[in-house]
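Data from my_file-v3.txt: compact mmCIF, C-alpha atoms
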```txt
# COMPACT_ATOMS: atom_id res chain seq x y z
CA MET D 1 60.16 73.51 135.94
CA VAL D 2 59.42 77.22 135.95
CA THR D 3 62.97 77.98 137.15
CA LYS D 4 64.42 75.97 134.25
CA LYS D 5 62.41 77.97 131.71
CA LYS D 6 63.55 81.23 133.27
CA ASN D 7 67.20 80.15 133.09
CA THR D 8 66.81 79.18 129.43
CA LYS D 9 65.22 82.54 128.67
CA ALA D 10 68.00 84.39 130.51
CA ALA D 11 70.68 82.46 128.61
CA SER D 12 68.93 83.22 125.32
CA THR D 13 68.74 86.93 126.22
CA LEU D 14 72.43 86.94 127.17
CA THR D 15 73.34 85.35 123.86
CA THR D 16 71.33 87.98 121.99
CA LYS D 17 73.10 90.78 123.88
CA GLN D 18 76.49 89.24 123.17
CA LYS D 19 75.69 89.05 119.49
CA ARG D 20 74.51 92.66 119.43
CA ASN D 21 77.63 93.82 121.25
CA PHE D 22 79.84 91.83 118.89
CA PHE D 23 78.27 93.39 115.81
CA LEU D 24 78.47 96.87 117.34
CA VAL D 25 82.18 96.42 118.03
CA PHE D 26 82.78 94.82 114.63
CA TRP D 27 81.08 97.54 112.60
CA GLY D 28 82.59 100.20 114.86
CA LEU D 29 86.07 98.93 114.03
CA ILE D 30 85.18 98.84 110.32
CA ALA D 31 83.93 102.44 110.47
CA LEU D 32 87.04 103.51 112.39
CA GLY D 33 89.28 101.83 109.82
CA ILE D 34 87.50 103.47 106.88
CA SER D 35 87.58 106.87 108.61
CA SER D 36 91.30 106.51 109.33
CA ILE D 37 92.05 105.61 105.71
CA ALA D 38 89.95 108.54 104.46
CA LEU D 39 91.79 110.88 106.84
CA ILE D 40 95.18 109.66 105.55
CA PHE D 41 94.12 110.36 101.96
CA VAL D 42 92.87 113.84 102.89
CA LEU D 43 96.15 114.63 104.67
CA ILE D 44 98.19 113.37 101.68
CA ALA D 45 96.05 115.32 99.19
CA ASN D 46 96.57 118.49 101.21
CA GLY D 47 100.32 117.95 101.58
CA ALA D 48 100.17 117.52 105.37
CA ILE D 49 101.95 114.15 105.26
CA GLY D 50 104.03 112.34 102.66
CA TYR D 51 105.16 113.74 99.33
CA LEU D 52 102.76 115.03 96.70
CA PRO D 53 104.29 116.73 93.66
CA PRO D 54 102.96 120.21 92.87
CA LEU D 55 100.27 120.55 90.22
CA GLU D 56 102.72 122.21 87.79
CA GLU D 57 104.98 119.15 87.96
CA LEU D 58 102.07 116.77 87.43
CA GLN D 59 101.07 118.79 84.37
CA ASN D 60 104.62 118.71 83.01
CA PRO D 61 106.46 115.58 84.21
CA LYS D 62 110.24 115.76 83.91
CA ASN D 63 111.57 113.21 81.43
CA LYS D 64 115.11 112.97 80.12
CA TYR D 65 115.39 112.00 76.47
CA ALA D 66 118.41 111.17 74.34
CA SER D 67 119.66 113.83 71.94
CA GLU D 68 119.16 112.74 68.34
CA ILE D 69 121.24 113.64 65.30
CA ILE D 70 118.98 113.87 62.25
CA SER D 71 120.21 114.11 58.66
CA SER D 72 118.82 116.64 56.17
CA ASP D 73 116.56 113.94 54.69
CA GLY D 74 115.05 113.13 58.08
CA GLU D 75 117.02 109.98 58.92
CA ARG D 76 118.40 109.43 62.43
CA ILE D 77 122.21 109.26 62.27
CA GLY D 78 122.85 108.67 65.95
CA THR D 79 122.01 109.58 69.53
CA PHE D 80 123.78 110.99 72.57
CA PHE D 81 122.59 109.91 76.00
CA THR D 82 123.81 109.42 79.55
CA ALA D 83 123.68 106.06 81.32
CA LYS D 84 120.05 104.85 81.82
CA ASP D 85 118.66 107.70 79.68
CA ASN D 86 118.58 106.13 76.22
CA ARG D 87 114.99 107.20 75.77
CA ILE D 88 113.44 108.59 72.58
CA PHE D 89 109.92 109.99 72.75
CA THR D 90 107.32 107.99 70.85
CA SER D 91 103.77 109.23 70.35
CA TYR D 92 100.70 107.05 70.86
CA ASP D 93 100.12 106.73 67.10
CA GLU D 94 103.70 105.47 66.62
CA ILE D 95 103.23 102.51 68.98
CA SER D 96 101.95 99.21 67.63
CA PRO D 97 98.38 98.40 68.74
CA ASN D 98 99.76 94.98 69.67
CA VAL D 99 101.80 96.59 72.46
CA ILE D 100 98.87 98.61 73.79
CA ASN D 101 96.49 95.64 73.65
CA ALA D 102 99.00 93.35 75.38
CA LEU D 103 99.77 95.92 78.08
CA ILE D 104 96.15 96.62 79.01
CA ALA D 105 95.12 92.94 78.83
CA THR D 106 97.97 91.92 81.16
CA GLU D 107 98.56 94.83 83.51
CA ASP D 108 95.17 96.56 83.79
CA ALA D 109 92.15 94.91 82.17
CA ARG D 110 89.77 97.67 83.37
CA PHE D 111 92.10 100.51 82.39
CA TYR D 112 89.47 102.39 80.39
CA SER D 113 86.79 102.15 83.09
CA HIS D 114 88.57 103.19 86.31
CA SER D 115 89.84 106.59 87.46
CA GLY D 116 93.32 105.58 88.54
CA ILE D 117 92.47 102.95 91.16
CA ASP D 118 90.83 99.59 90.40
CA GLY D 119 88.78 98.81 93.50
CA GLU D 120 87.76 95.37 92.20
CA ALA D 121 91.39 94.34 91.66
CA LEU D 122 92.40 95.63 95.11
CA LEU D 123 89.57 93.69 96.77
CA ARG D 124 90.54 90.54 94.89
CA VAL D 125 94.18 90.82 95.99
CA LEU D 126 93.12 91.54 99.58
CA ILE D 127 90.92 88.44 99.72
CA LYS D 128 93.58 86.19 98.16
CA ARG D 129 96.45 87.45 100.30
CA VAL D 130 94.75 88.05 103.65
CA VAL D 131 91.76 85.69 103.69
CA LEU D 132 92.99 82.80 101.52
CA GLN D 133 96.70 83.31 102.37
CA GLN D 134 97.71 82.86 98.72
CA SER D 135 101.14 84.05 97.60
CA GLY D 136 101.62 85.49 94.11
CA ALA D 137 98.12 86.94 94.06
CA GLY D 138 99.24 89.94 92.02
CA GLY D 139 99.65 93.55 93.04
CA GLY D 140 96.37 95.08 91.88
CA SER D 141 98.20 98.18 90.66
CA THR D 142 96.74 99.98 87.67
CA ILE D 143 98.88 101.30 84.81
CA THR D 144 98.29 104.80 86.17
CA GLN D 145 99.54 103.76 89.63
CA GLN D 146 102.62 102.19 88.05
CA LEU D 147 103.24 105.43 86.15
CA ALA D 148 102.86 107.42 89.38
CA LYS D 149 105.47 105.16 90.98
CA GLN D 150 107.85 105.57 88.02
CA LEU D 151 107.54 109.34 88.03
CA TYR D 152 107.29 110.34 91.66
CA SER D 153 107.87 107.52 94.15
CA PRO D 154 110.86 108.48 96.35
CA THR D 155 112.92 105.91 98.26
CA ALA D 156 111.40 105.12 101.66
CA SER D 157 113.87 105.48 104.51
CA ASN D 158 111.64 104.20 107.34
CA ILE D 159 108.54 102.12 108.09
CA PHE D 160 106.25 105.18 108.18
CA GLU D 161 107.33 106.30 104.70
CA ARG D 162 106.96 102.77 103.32
CA ALA D 163 103.43 102.58 104.75
CA LEU D 164 102.54 105.82 102.97
CA GLN D 165 104.01 104.88 99.57
CA LYS D 166 100.93 103.09 98.24
CA PRO D 167 98.40 105.72 99.41
CA ILE D 168 100.59 108.45 97.89
CA GLU D 169 100.73 106.54 94.57
CA TRP D 170 96.91 106.25 94.66
CA VAL D 171 96.47 110.00 95.20
CA ILE D 172 98.96 110.83 92.43
CA ALA D 173 97.28 108.30 90.11
CA THR D 174 93.86 109.90 90.55
CA ASN D 175 95.41 113.33 89.88
CA LEU D 176 97.11 112.04 86.72
CA GLU D 177 93.76 110.68 85.51
CA LYS D 178 92.26 114.17 85.90
CA LEU D 179 95.06 115.83 83.92
CA TYR D 180 95.66 113.33 81.10
CA THR D 181 93.67 111.19 78.70
CA LYS D 182 94.00 107.41 78.80
CA GLU D 183 96.08 107.52 75.61
CA GLU D 184 98.47 110.06 77.14
CA ILE D 185 98.89 107.91 80.26
CA ILE D 186 99.69 104.84 78.15
CA THR D 187 102.17 106.89 76.11
CA MET D 188 103.95 108.24 79.20
CA TYR D 189 104.13 104.78 80.75
CA LEU D 190 105.63 103.14 77.66
CA ASN D 191 108.08 106.01 77.16
CA LYS D 192 109.17 105.85 80.80
CA PHE D 193 109.57 102.12 81.42
CA ASP D 194 113.14 100.79 81.64
CA PHE D 195 113.47 97.59 79.58
CA LEU D 196 117.11 97.16 80.68
CA ASN D 197 120.22 96.92 78.48
CA ASN D 198 120.13 100.71 77.88
CA ALA D 199 116.67 100.30 76.37
CA VAL D 200 114.52 102.88 78.14
CA GLY D 201 111.10 103.41 76.60
CA ILE D 202 109.30 101.44 73.90
CA GLU D 203 111.12 103.08 70.97
CA THR D 204 114.57 102.03 72.15
CA ALA D 205 113.35 98.64 73.38
CA ALA D 206 111.91 97.82 69.96
CA ARG D 207 115.23 98.72 68.30
CA VAL D 208 117.51 97.06 70.87
CA TYR D 209 115.69 93.71 71.12
CA PHE D 210 114.08 93.32 67.71
CA GLY D 211 115.68 95.89 65.37
CA VAL D 212 112.31 97.40 64.40
CA GLU D 213 110.31 100.58 64.91
CA PRO D 214 107.77 100.44 67.76
CA SER D 215 104.96 100.61 65.20
CA GLU D 216 106.29 97.39 63.58
CA LEU D 217 106.25 95.16 66.67
CA ASN D 218 104.24 92.01 65.97
CA ILE D 219 102.09 90.18 68.52
CA GLU D 220 104.74 87.88 69.97
CA GLN D 221 107.34 90.67 70.11
CA ALA D 222 104.87 92.97 71.85
CA ALA D 223 103.97 90.18 74.31
CA THR D 224 107.67 89.66 75.09
CA LEU D 225 108.25 93.33 75.91
CA VAL D 226 105.03 93.65 77.91
CA GLY D 227 106.00 90.52 79.82
CA MET D 228 109.07 92.40 81.04
CA CYS D 229 106.86 94.98 82.77
CA LYS D 230 106.27 92.59 85.67
CA ASN D 231 110.00 92.15 86.33
CA PRO D 232 112.45 93.23 83.59
CA SER D 233 115.41 91.49 85.22
CA LEU D 234 113.68 88.14 85.69
CA TYR D 235 112.12 88.18 82.21
CA ASN D 236 115.10 89.62 80.31
CA PRO D 237 115.11 88.04 76.82
CA ALA D 238 118.75 89.02 76.19
CA SER D 239 119.86 86.70 78.98
CA THR D 240 120.22 83.08 77.83
CA ARG D 241 119.66 81.92 81.39
CA ARG D 242 116.45 83.97 81.67
CA ARG D 243 115.12 83.07 78.20
CA PRO D 244 112.90 80.13 79.34
CA LYS D 245 111.32 82.32 82.04
CA CYS D 246 110.87 85.11 79.51
CA GLN D 247 109.13 82.78 77.05
CA GLU D 248 106.89 81.47 79.83
CA ARG D 249 105.90 85.02 80.74
CA ARG D 250 105.35 85.94 77.07
CA ASN D 251 102.93 83.02 76.80
CA VAL D 252 101.03 84.26 79.87
CA VAL D 253 100.64 87.65 78.14
CA LEU D 254 99.36 85.92 75.00
CA GLY D 255 96.83 84.06 77.15
CA GLN D 256 95.64 87.36 78.62
CA MET D 257 95.23 88.73 75.10
CA VAL D 258 92.89 85.83 74.34
CA LYS D 259 90.79 86.66 77.42
CA ALA D 260 90.58 90.27 76.25
CA LYS D 261 89.58 89.02 72.74
CA HIS D 262 92.51 90.69 70.98
CA ILE D 263 93.61 87.36 69.49
CA THR D 264 91.92 84.00 69.03
CA GLN D 265 92.78 80.85 70.98
CA ALA D 266 94.12 79.32 67.76
CA GLU D 267 96.46 82.29 67.23
CA CYS D 268 97.58 82.06 70.84
CA ASP D 269 98.31 78.32 70.62
CA SER D 270 100.36 78.87 67.46
CA LEU D 271 102.33 81.84 68.82
CA GLN D 272 103.07 80.13 72.14
CA GLN D 273 104.95 77.40 70.26
CA LEU D 274 107.36 79.92 68.73
CA PRO D 275 110.78 80.44 70.33
CA ILE D 276 111.79 83.99 71.22
CA GLU D 277 113.79 85.32 68.26
CA LEU D 278 115.75 88.50 68.90
CA ASP D 279 117.57 90.84 66.59
CA TYR D 280 119.59 92.17 69.48
CA HIS D 281 121.53 95.42 69.05
CA ARG D 282 123.57 96.16 72.14
CA VAL D 283 123.98 99.89 72.80
CA ASP D 284 126.37 101.72 75.09
CA HIS D 285 126.12 105.34 76.25
CA LYS D 286 129.92 105.62 75.83
CA LEU D 287 129.55 105.29 72.06
CA GLY D 288 127.88 108.69 71.91
```
In structure tokens, how does this file's structure come out?
Amino acid sequence: MVTKKKNTKAASTLTTKQKRNFFLVFWGLIALGISSIALIFVLIANGAIGYLPPLEELQNPKNKYASEIISSDGERIGTFFTAKDNRIFTSYDEISPNVINALIATEDARFYSHSGIDGEALLRVLIKRVVLQQSGAGGGSTITQQLAKQLYSPTASNIFERALQKPIEWVIATNLEKLYTKEEIITMYLNKFDFLNNAVGIETAARVYFGVEPSELNIEQAATLVGMCKNPSLYNPASTRRRPKCQERRNVVLGQMVKAKHITQAECDSLQQLPIELDYHRVDHKLG
């Protein structure tokens, strides 16, 4: 009887040791992983690995804009531009609030509260993709990260460079947040994005797809253009074949605007019933 009690006690002690060893290994691996990630960011920030644009370039990003011909009374007569550079600078005040509200509600709900990286969104994506094995869980990229990718992300030629792309974008995004206001980041993003069909930037996109100034874009038009930010080719409203997908995506954007309290549910329900109506003006760089 005594021997049995001793064996039970020994087994219990062994189990306790195993548990302690497991937790030591587990938290050791966690600490090692965090330290490795921190080291990678330090090396990127100091230019030891990967590509980090110099501070001067971050302060003055290179953007190609179309050359405009303006009449003596201030009217635009025409533009000259090379292929994929039909971009006309538009200031923050010249962009419809509908576009800005739709963009933030859909692409980066916590845009005004983070410093370039949204930790909550990244954790959510990690849990959905890794733990729950859900596809289509979203990318977790902030608007600032997307801008960093547009401005500075080079083509990766090997696995090592591809592995570094996201960390590099994160470092650049945090640097952009230090140098620019939120309004300036939004402005750069909307001026940089390629909406296809020689419509680069929000000014040209508004004219090409709807025949209006960017300040005149209404809610459903803004939602259509913002919907393209996820995948401009898949949600291209100028393509008859893609139109149903584009309308479906526009309606998702309208739903996000309800969540962000920019429009009411009644407004959303009404707008979602509308077909996409374009005033399409095809442009060609050869015309210039």
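Going from atom CA of Ile185 of chain D over to atom CA of Glu203 of chain D, you cover 16.1 Å.
Near Ala105 of chain D, within 7 Å and counting only C-alpha atoms, sit D:Asn101, D:Ala109, D:Gln256, D:Met257, D:Ala260, not including residues fewer than 4 positions from it in the same chain.
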Take the residues from that selection and put them in a file with C-alpha atoms, as a CSV table (one decimal), in the coordinates of the input.
```csv
chain,number,residue,atom,x,y,z
D,101,ASN,CA,96.5,95.6,73.6
D,109,ALA,CA,92.2,94.9,82.2
D,256,GLN,CA,95.6,87.4,78.6
D,257,MET,CA,95.2,88.7,75.1
D,260,ALA,CA,90.6,90.3,76.2
```
What's the 6 Å shell around Glu94 of chain D, counting all atoms listed in the file, without same-chain residues fewer than 2 positions away, as a compact mmCIF listing (two decimals) with C-alpha atoms, in the coordinates of the input?
```
# COMPACT_ATOMS: atom_id res chain seq x y z
CA SER D 91 103.77 109.23 70.35
CA TYR D 92 100.70 107.05 70.86
CA SER D 215 104.96 100.61 65.20
```
Would you tabulate, counting all atoms listed in the file, all residues of segment 171-265 of chain D that have an atom at most 8 Å from an atom of segment 278-281 of chain D, showing the closest pair of atoms and their distance in Å to one decimal, sorted by chain then ascending number, as JSON lines?
```
{"residue": "D:Arg207", "atom": "CA", "partner": "D:His281", "partner_atom": "CA", "distance": 7.2}
{"residue": "D:Val208", "atom": "CA", "partner": "D:His281", "partner_atom": "CA", "distance": 4.7}
{"residue": "D:Tyr209", "atom": "CA", "partner": "D:Tyr280", "partner_atom": "CA", "distance": 4.5}
{"residue": "D:Phe210", "atom": "CA", "partner": "D:Asp279", "partner_atom": "CA", "distance": 4.4}
{"residue": "D:Gly211", "atom": "CA", "partner": "D:Asp279", "partner_atom": "CA", "distance": 5.5}
{"residue": "D:Pro237", "atom": "CA", "partner": "D:Leu278", "partner_atom": "CA", "distance": 8.0}
{"residue": "D:Ala238", "atom": "CA", "partner": "D:Tyr280", "partner_atom": "CA", "distance": 7.5}
```
* With all atoms listed in the file as the basis for distance, which of D:Thr144, D:Pro97, D:Ala205, D:Lys192 is at the shortest distance from His114 of chain D? ->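 Nearest to His114 of chain D: D:Thr144.
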* Residue contacts of Asp269 of chain D (12 Å, all atoms listed in the file) excluding same-chain residues fewer than 2 positions away, as number ranges by chain -> D: 220, 251-252, 254-255, 257-258, 263-267, 271-274
Create the file for the chosen residues now, containing C-alpha atoms and written as a tab-separated table (two decimals), in the frame of the given file.
```tsv
chain	number	residue	atom	x	y	z
D	220	GLU	CA	104.74	87.88	69.97
D	251	ASN	CA	102.93	83.02	76.80
D	252	VAL	CA	101.03	84.26	79.87
D	254	LEU	CA	99.36	85.92	75.00
D	255	GLY	CA	96.83	84.06	77.15
D	257	MET	CA	95.23	88.73	75.10
D	258	VAL	CA	92.89	85.83	74.34
D	263	ILE	CA	93.61	87.36	69.49
D	264	THR	CA	91.92	84.00	69.03
D	265	GLN	CA	92.78	80.85	70.98
D	266	ALA	CA	94.12	79.32	67.76
D	267	GLU	CA	96.46	82.29	67.23
D	271	LEU	CA	102.33	81.84	68.82
D	272	GLN	CA	103.07	80.13	72.14
D	273	GLN	CA	104.95	77.40	70.26
D	274	LEU	CA	107.36	79.92	68.73
```
